[in-house]
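Below is one structure; the comments refer to it alone.
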Amino acid sequence: MKLDVIKKEIQKVAEAISLVINIDVTIVNEDMKRIAGTGIYKDKIDEIIPGTSAFNKCYEEKKTLVIDDPRNSVLCKHCYKLENCREEAEVCCPIVFEGKCFGVIGLIAFDGVQKNKITDNQKELVMFIEKMASLISGNLKAEIKSYQYNIEKEKILKVVDSMDRPLVSTDENGTIDSCNSKFKKTFKIEENPIGKEISLVLDFINADVFASLKNNKKHSATFYSERSNVRGIYNINKIYYKKDLKGFVIDFVDKKDAIRNYNKMNIDYKMTMDDIIGESKIMKKVKETALKASQSTSTILITGESGTGKELFARAIHFHSDRGDKPFIALNCAAIPEELLESELFGYEEGAFTGAKKGGKLGMFERANKGTIFLDEIGDMSIHLQAKLLRVLQEKEIQKVGGKSGIKIDVRIISATNKNLLEMVEKGMFREDLYYRLNVLPINIPNLSERKEDIPLLVNHMVKVYSQKLGKNVCGVSNHIMKILEMYNWPGNIRELQNVIEFCINMTNEKIISDVEILKNRFSMDEQNEFIEYLEDKGYLEEGEAQELNRYDIDIRGYDKRERNIKNVKPDLADLRKDGYDDLNKINKVENIKMIENPGVSARKNIKEKESINFKTIEELEVEEISRALEYYKPYKNDKDMVADVLGISRATLYRKIKKYNLDI
């Protein structure tokens, strides 16, 4: 920036100096161009001083120079007009700002009287001229700050104008002082709104709101503009300067834009069929069915026990469908209280109930528009909400809580449950018409116990994932640990397997998980603990358990927890002796683990029937005690927890036994 930007102010300074000391003044910029002058120099403004002069010396050295004999002074030795010089004396003062010289003030004496004023009061005159130079520097500083401010202001205006959201600012009384293009476009404002009261430009904003805002930090509300047919939410924020209220900034959010922005964030998490681990025959068939279902627009009902990966399949189906680049919204119907679930699904209008947010709230169905909504645990949905969901399926529209009209939507519904919906329909706990609407394309996810050949793949993948997550160098599991994992029935399915693997990685200090103690302490199900204890009793989980398991090639997948049978555990005794296995006690151990077809029957054959005694089986005792406990605690809200606690089993085990024995709850 040059002195030229404050040319008018500099001319006034030059005239003031000349008026005070009655000497001609000229001021030049860094290019040695005159930008101000008095007397004979007034007509020479905008001329450039050619050649070399004392001004150049002053500019370069940034020092004040006083010349009392121009024709004989060393400072004038190289002056371009030395031979024709008419000057009697001269003072040159640099104009310096932040270490840079921007120009020079020159006082020129053309007669003896003016020369005496310079030489007689040299010290005072120099101080005065330097003060004038500082005054010019101050004006220059203010101009530079103003210039920089204006540049930043223009940048901000450009940024605001390019924003894809309507913005408008007003003074403290609500008079518009600026707005962006989106504001005028959204509300179809053709005339310039600057200087108008915003309440006259937008009919949904009341002028009284600005007065009430003086006591409130922020104001938000919904709006509807009839002229532009736009609905949304607007926010008014206060602008303060040195604790004084100076105005307001109002931003407007179109509800369609809000949904679109939410959807952009939601589509980042993608899942494909290839991401679902499983190469067993049953899993390949399920994947094939799911892939076919993805190409349809019909509703899908995914069934399967908890922890089998129903949501993963739902996400994969969505990804492979034509809606793959649109939003996928997942909601667990059992995780949200019934009184809140309706507003989560369908949203609500402002003032719909006590505590409702200003501007209302978007529901899951609105966010999922053009995409997919996944309703997990659909069996836990109340009858009231089932009726509203049925209307969505039939009419393709939703009605917000507190809303007066329906909103059209285009959403594909995928639902999932671990319950038997048909039984619930028979008991009147689930609407039959909704069941058939949801169950157009059924997909059943197998339990982990039904696809045990996938366990090695799952374990290796989980070890890799959790090792990286926990910062540990664990490469895998030993063979005998893998066999035990394959034997275990996994009532908690994939989720329980993840839990066990993560626990083992946390607890092990080795590269290979091989400590059975770590593993068996994590099994939570009673029947599996019985099997571990059985192996321990037989000596297979002592030192060298891996060799023992491999030596006898126990087919642990043949272990059926429900029948308490051990299959294919009958090593040939002759082969054992041939291998040098002559220890009688150990041979007896092997003899004792022969196939037990029915422990109860075998035991009774070995009892001399001296008297007729009737015994109840373990299963009969379990049915009797569980039924008695369920009936006793039925009046309580958390009856299942209390039953599990009094029987000394986990809640998961209780539900599994209820299902196993088909008990009425």
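Each chain in the structure tokens gets a letter, A, B and so on, in the order shown; residues start at 1 in every chain, and ligands are counted from 1 in the order they appear.
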As a PyMOL selection string, please: every residue in range 165-225 of chain A that DSSP puts in strand (DSSP E). chain A and resi 167-171+176-179+218-225
Contacts of range 224-240 of chain A at 6 Å (only C-alpha atoms; same-chain gap of 2+ positions) as a PyMOL selection string: chain A and resi 187+218-222+243-255+359
Can you pull out the residues contacting range 18-33 of chain A? Cut-off 9 Å, using only C-alpha atoms, and skip same-chain residues under 5 positions away; I want them as a PyMOL selection string. chain A and resi 2-4+10-11+13+38-42+45-50+55-56+59+95+101-110+114+117+125
What is the CA of Leu167 in chain A-CA of Ser199 in chain A distance in Å, reported with one decimal? 14.9 Å
Find the residue from A:Ser212, A:Asn139, A:Glu154, A:Leu654 that sits nearest to Asn173 in chain A; use only C-alpha atoms when measuring.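 Comparing A:Ser212, A:Asn139, A:Glu154, A:Leu654 against Asn173 in chain A, the winner is A:Ser212.
For the set A:Leu441, A:Val646, A:Ala211, A:Leu375, the residue with the smallest atom-to-atom gap to Leu291 in chain A is A:Leu441, counting only C-alpha atoms.
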For Glu624 in chain A, which residue among A:Phe223, A:Tyr661, A:Phe204, A:Tyr655 is the nearest when counting only C-alpha atoms? A:Tyr661
Within 9 Å of range 442-448 of chain A, counting only C-alpha atoms, which residues show up once you throw out same-chain ones fewer than 2 positions away? Write them as a ChimeraX atom specification, please. /A:282-283,286,289-290,293,299-310,313,438-440,450-452,454-455,489-494
Excluding range 409-413 of chain A and residues on its chain fewer than 3 positions from it, collect all residues at most 10 Å away from it, counting only C-alpha atoms, and give them as a PyMOL selection string. chain A and resi 296-301+314+318+323+327-329+365-375+392-393+395-398+406+438
I need the chosen residues saved as a PDB file, in the first residue's frame, with N, CA and C atoms.
ATOM      1  N   SER A 296     -35.330 -56.774  -4.827  1.00  0.00           N
ATOM      2  CA  SER A 296     -36.774 -56.524  -4.783  1.00  0.00           C
ATOM      3  C   SER A 296     -37.053 -55.266  -3.958  1.00  0.00           C
ATOM      4  N   THR A 297     -38.295 -54.799  -4.048  1.00  0.00           N
ATOM      5  CA  THR A 297     -38.722 -53.659  -3.226  1.00  0.00           C
ATOM      6  C   THR A 297     -39.651 -54.100  -2.097  1.00  0.00           C
ATOM      7  N   SER A 298     -39.913 -55.404  -2.016  1.00  0.00           N
ATOM      8  CA  SER A 298     -40.836 -55.924  -1.006  1.00  0.00           C
ATOM      9  C   SER A 298     -40.211 -55.872   0.390  1.00  0.00           C
ATOM     10  N   THR A 299     -41.079 -55.936   1.403  1.00  0.00           N
ATOM     11  CA  THR A 299     -40.599 -55.948   2.784  1.00  0.00           C
ATOM     12  C   THR A 299     -39.922 -57.274   3.098  1.00  0.00           C
ATOM     13  N   ILE A 300     -39.004 -57.231   4.050  1.00  0.00           N
ATOM     14  CA  ILE A 300     -38.222 -58.408   4.432  1.00  0.00           C
ATOM     15  C   ILE A 300     -38.328 -58.601   5.938  1.00  0.00           C
ATOM     16  N   LEU A 301     -38.533 -59.836   6.351  1.00  0.00           N
ATOM     17  CA  LEU A 301     -38.517 -60.169   7.777  1.00  0.00           C
ATOM     18  C   LEU A 301     -37.359 -61.122   8.025  1.00  0.00           C
ATOM     19  N   ALA A 314     -29.217 -57.065   7.103  1.00  0.00           N
ATOM     20  CA  ALA A 314     -30.076 -55.955   6.685  1.00  0.00           C
ATOM     21  C   ALA A 314     -29.264 -54.884   5.971  1.00  0.00           C
ATOM     22  N   HIS A 318     -29.460 -53.797   1.972  1.00  0.00           N
ATOM     23  CA  HIS A 318     -29.623 -52.391   1.561  1.00  0.00           C
ATOM     24  C   HIS A 318     -28.528 -51.974   0.582  1.00  0.00           C
ATOM     25  N   ARG A 323     -31.253 -48.875  -3.624  1.00  0.00           N
ATOM     26  CA  ARG A 323     -31.228 -47.778  -2.652  1.00  0.00           C
ATOM     27  C   ARG A 323     -29.895 -47.714  -1.908  1.00  0.00           C
ATOM     28  N   PRO A 327     -30.034 -43.397   2.417  1.00  0.00           N
ATOM     29  CA  PRO A 327     -29.839 -43.659   3.851  1.00  0.00           C
ATOM     30  C   PRO A 327     -30.321 -45.028   4.315  1.00  0.00           C
ATOM     31  N   PHE A 328     -29.609 -45.547   5.306  1.00  0.00           N
ATOM     32  CA  PHE A 328     -30.023 -46.763   6.014  1.00  0.00           C
ATOM     33  C   PHE A 328     -30.172 -46.377   7.478  1.00  0.00           C
ATOM     34  N   ILE A 329     -31.376 -46.431   7.987  1.00  0.00           N
ATOM     35  CA  ILE A 329     -31.660 -46.024   9.365  1.00  0.00           C
ATOM     36  C   ILE A 329     -32.057 -47.259  10.170  1.00  0.00           C
ATOM     37  N   PHE A 365     -38.519 -42.304   9.896  1.00  0.00           N
ATOM     38  CA  PHE A 365     -39.042 -42.553   8.555  1.00  0.00           C
ATOM     39  C   PHE A 365     -38.715 -41.400   7.607  1.00  0.00           C
ATOM     40  N   GLU A 366     -38.769 -40.163   8.112  1.00  0.00           N
ATOM     41  CA  GLU A 366     -38.413 -39.018   7.268  1.00  0.00           C
ATOM     42  C   GLU A 366     -36.936 -39.053   6.905  1.00  0.00           C
ATOM     43  N   ARG A 367     -36.095 -39.420   7.864  1.00  0.00           N
ATOM     44  CA  ARG A 367     -34.663 -39.489   7.594  1.00  0.00           C
ATOM     45  C   ARG A 367     -34.335 -40.599   6.604  1.00  0.00           C
ATOM     46  N   ALA A 368     -35.132 -41.651   6.620  1.00  0.00           N
ATOM     47  CA  ALA A 368     -34.878 -42.799   5.745  1.00  0.00           C
ATOM     48  C   ALA A 368     -35.530 -42.653   4.380  1.00  0.00           C
ATOM     49  N   ASN A 369     -36.141 -41.527   4.112  1.00  0.00           N
ATOM     50  CA  ASN A 369     -36.858 -41.346   2.844  1.00  0.00           C
ATOM     51  C   ASN A 369     -35.961 -41.664   1.652  1.00  0.00           C
ATOM     52  N   LYS A 370     -36.481 -42.431   0.703  1.00  0.00           N
ATOM     53  CA  LYS A 370     -35.787 -42.925  -0.493  1.00  0.00           C
ATOM     54  C   LYS A 370     -34.803 -44.046  -0.170  1.00  0.00           C
ATOM     55  N   GLY A 371     -34.677 -44.398   1.127  1.00  0.00           N
ATOM     56  CA  GLY A 371     -33.738 -45.435   1.520  1.00  0.00           C
ATOM     57  C   GLY A 371     -34.423 -46.594   2.216  1.00  0.00           C
ATOM     58  N   THR A 372     -33.767 -47.092   3.271  1.00  0.00           N
ATOM     59  CA  THR A 372     -34.242 -48.280   3.987  1.00  0.00           C
ATOM     60  C   THR A 372     -34.279 -47.998   5.478  1.00  0.00           C
ATOM     61  N   ILE A 373     -35.324 -48.471   6.140  1.00  0.00           N
ATOM     62  CA  ILE A 373     -35.372 -48.413   7.601  1.00  0.00           C
ATOM     63  C   ILE A 373     -35.371 -49.843   8.127  1.00  0.00           C
ATOM     64  N   PHE A 374     -34.520 -50.089   9.118  1.00  0.00           N
ATOM     65  CA  PHE A 374     -34.387 -51.419   9.704  1.00  0.00           C
ATOM     66  C   PHE A 374     -34.975 -51.397  11.107  1.00  0.00           C
ATOM     67  N   LEU A 375     -36.050 -52.129  11.317  1.00  0.00           N
ATOM     68  CA  LEU A 375     -36.737 -52.182  12.602  1.00  0.00           C
ATOM     69  C   LEU A 375     -36.372 -53.493  13.303  1.00  0.00           C
ATOM     70  N   VAL A 392     -48.452 -47.037   7.532  1.00  0.00           N
ATOM     71  CA  VAL A 392     -47.303 -46.622   6.720  1.00  0.00           C
ATOM     72  C   VAL A 392     -47.121 -47.567   5.541  1.00  0.00           C
ATOM     73  N   LEU A 393     -47.248 -48.867   5.812  1.00  0.00           N
ATOM     74  CA  LEU A 393     -47.079 -49.861   4.750  1.00  0.00           C
ATOM     75  C   LEU A 393     -48.190 -49.773   3.709  1.00  0.00           C
ATOM     76  N   GLU A 395     -50.466 -46.997   3.169  1.00  0.00           N
ATOM     77  CA  GLU A 395     -50.703 -45.682   2.565  1.00  0.00           C
ATOM     78  C   GLU A 395     -49.425 -44.996   2.094  1.00  0.00           C
ATOM     79  N   LYS A 396     -48.265 -45.512   2.479  1.00  0.00           N
ATOM     80  CA  LYS A 396     -46.982 -44.890   2.130  1.00  0.00           C
ATOM     81  C   LYS A 396     -46.891 -43.457   2.653  1.00  0.00           C
ATOM     82  N   GLU A 397     -47.421 -43.214   3.823  1.00  0.00           N
ATOM     83  CA  GLU A 397     -47.321 -41.901   4.436  1.00  0.00           C
ATOM     84  C   GLU A 397     -47.300 -42.032   5.952  1.00  0.00           C
ATOM     85  N   ILE A 398     -46.730 -41.029   6.611  1.00  0.00           N
ATOM     86  CA  ILE A 398     -46.668 -41.016   8.070  1.00  0.00           C
ATOM     87  C   ILE A 398     -47.382 -39.777   8.591  1.00  0.00           C
ATOM     88  N   GLY A 406     -50.861 -35.906   6.724  1.00  0.00           N
ATOM     89  CA  GLY A 406     -49.891 -36.952   6.440  1.00  0.00           C
ATOM     90  C   GLY A 406     -48.733 -36.442   5.593  1.00  0.00           C
ATOM     91  N   LEU A 438     -45.221 -57.596   6.711  1.00  0.00           N
ATOM     92  CA  LEU A 438     -43.784 -57.563   6.952  1.00  0.00           C
ATOM     93  C   LEU A 438     -43.065 -58.784   6.407  1.00  0.00           C
TER      94      LEU A 438
END
Measure the distance from CA of Glu496 in chain A to CA of Val459 in chain A in Å and round it to one decimal.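 These two atoms are separated by 11.6 Å.
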Between A:Gln295, A:Met1, A:Val126, A:Lys44, single out the one closest to Lys145 in chain A, counting only C-alpha atoms.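 Closest candidate: A:Met1.
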Where does DSSP see alpha helix (DSSP H) in range 224-381 of chain A, if you list the residues as number ranges by chain? A: 255-266, 281-294, 310-320, 338-346, 364-367
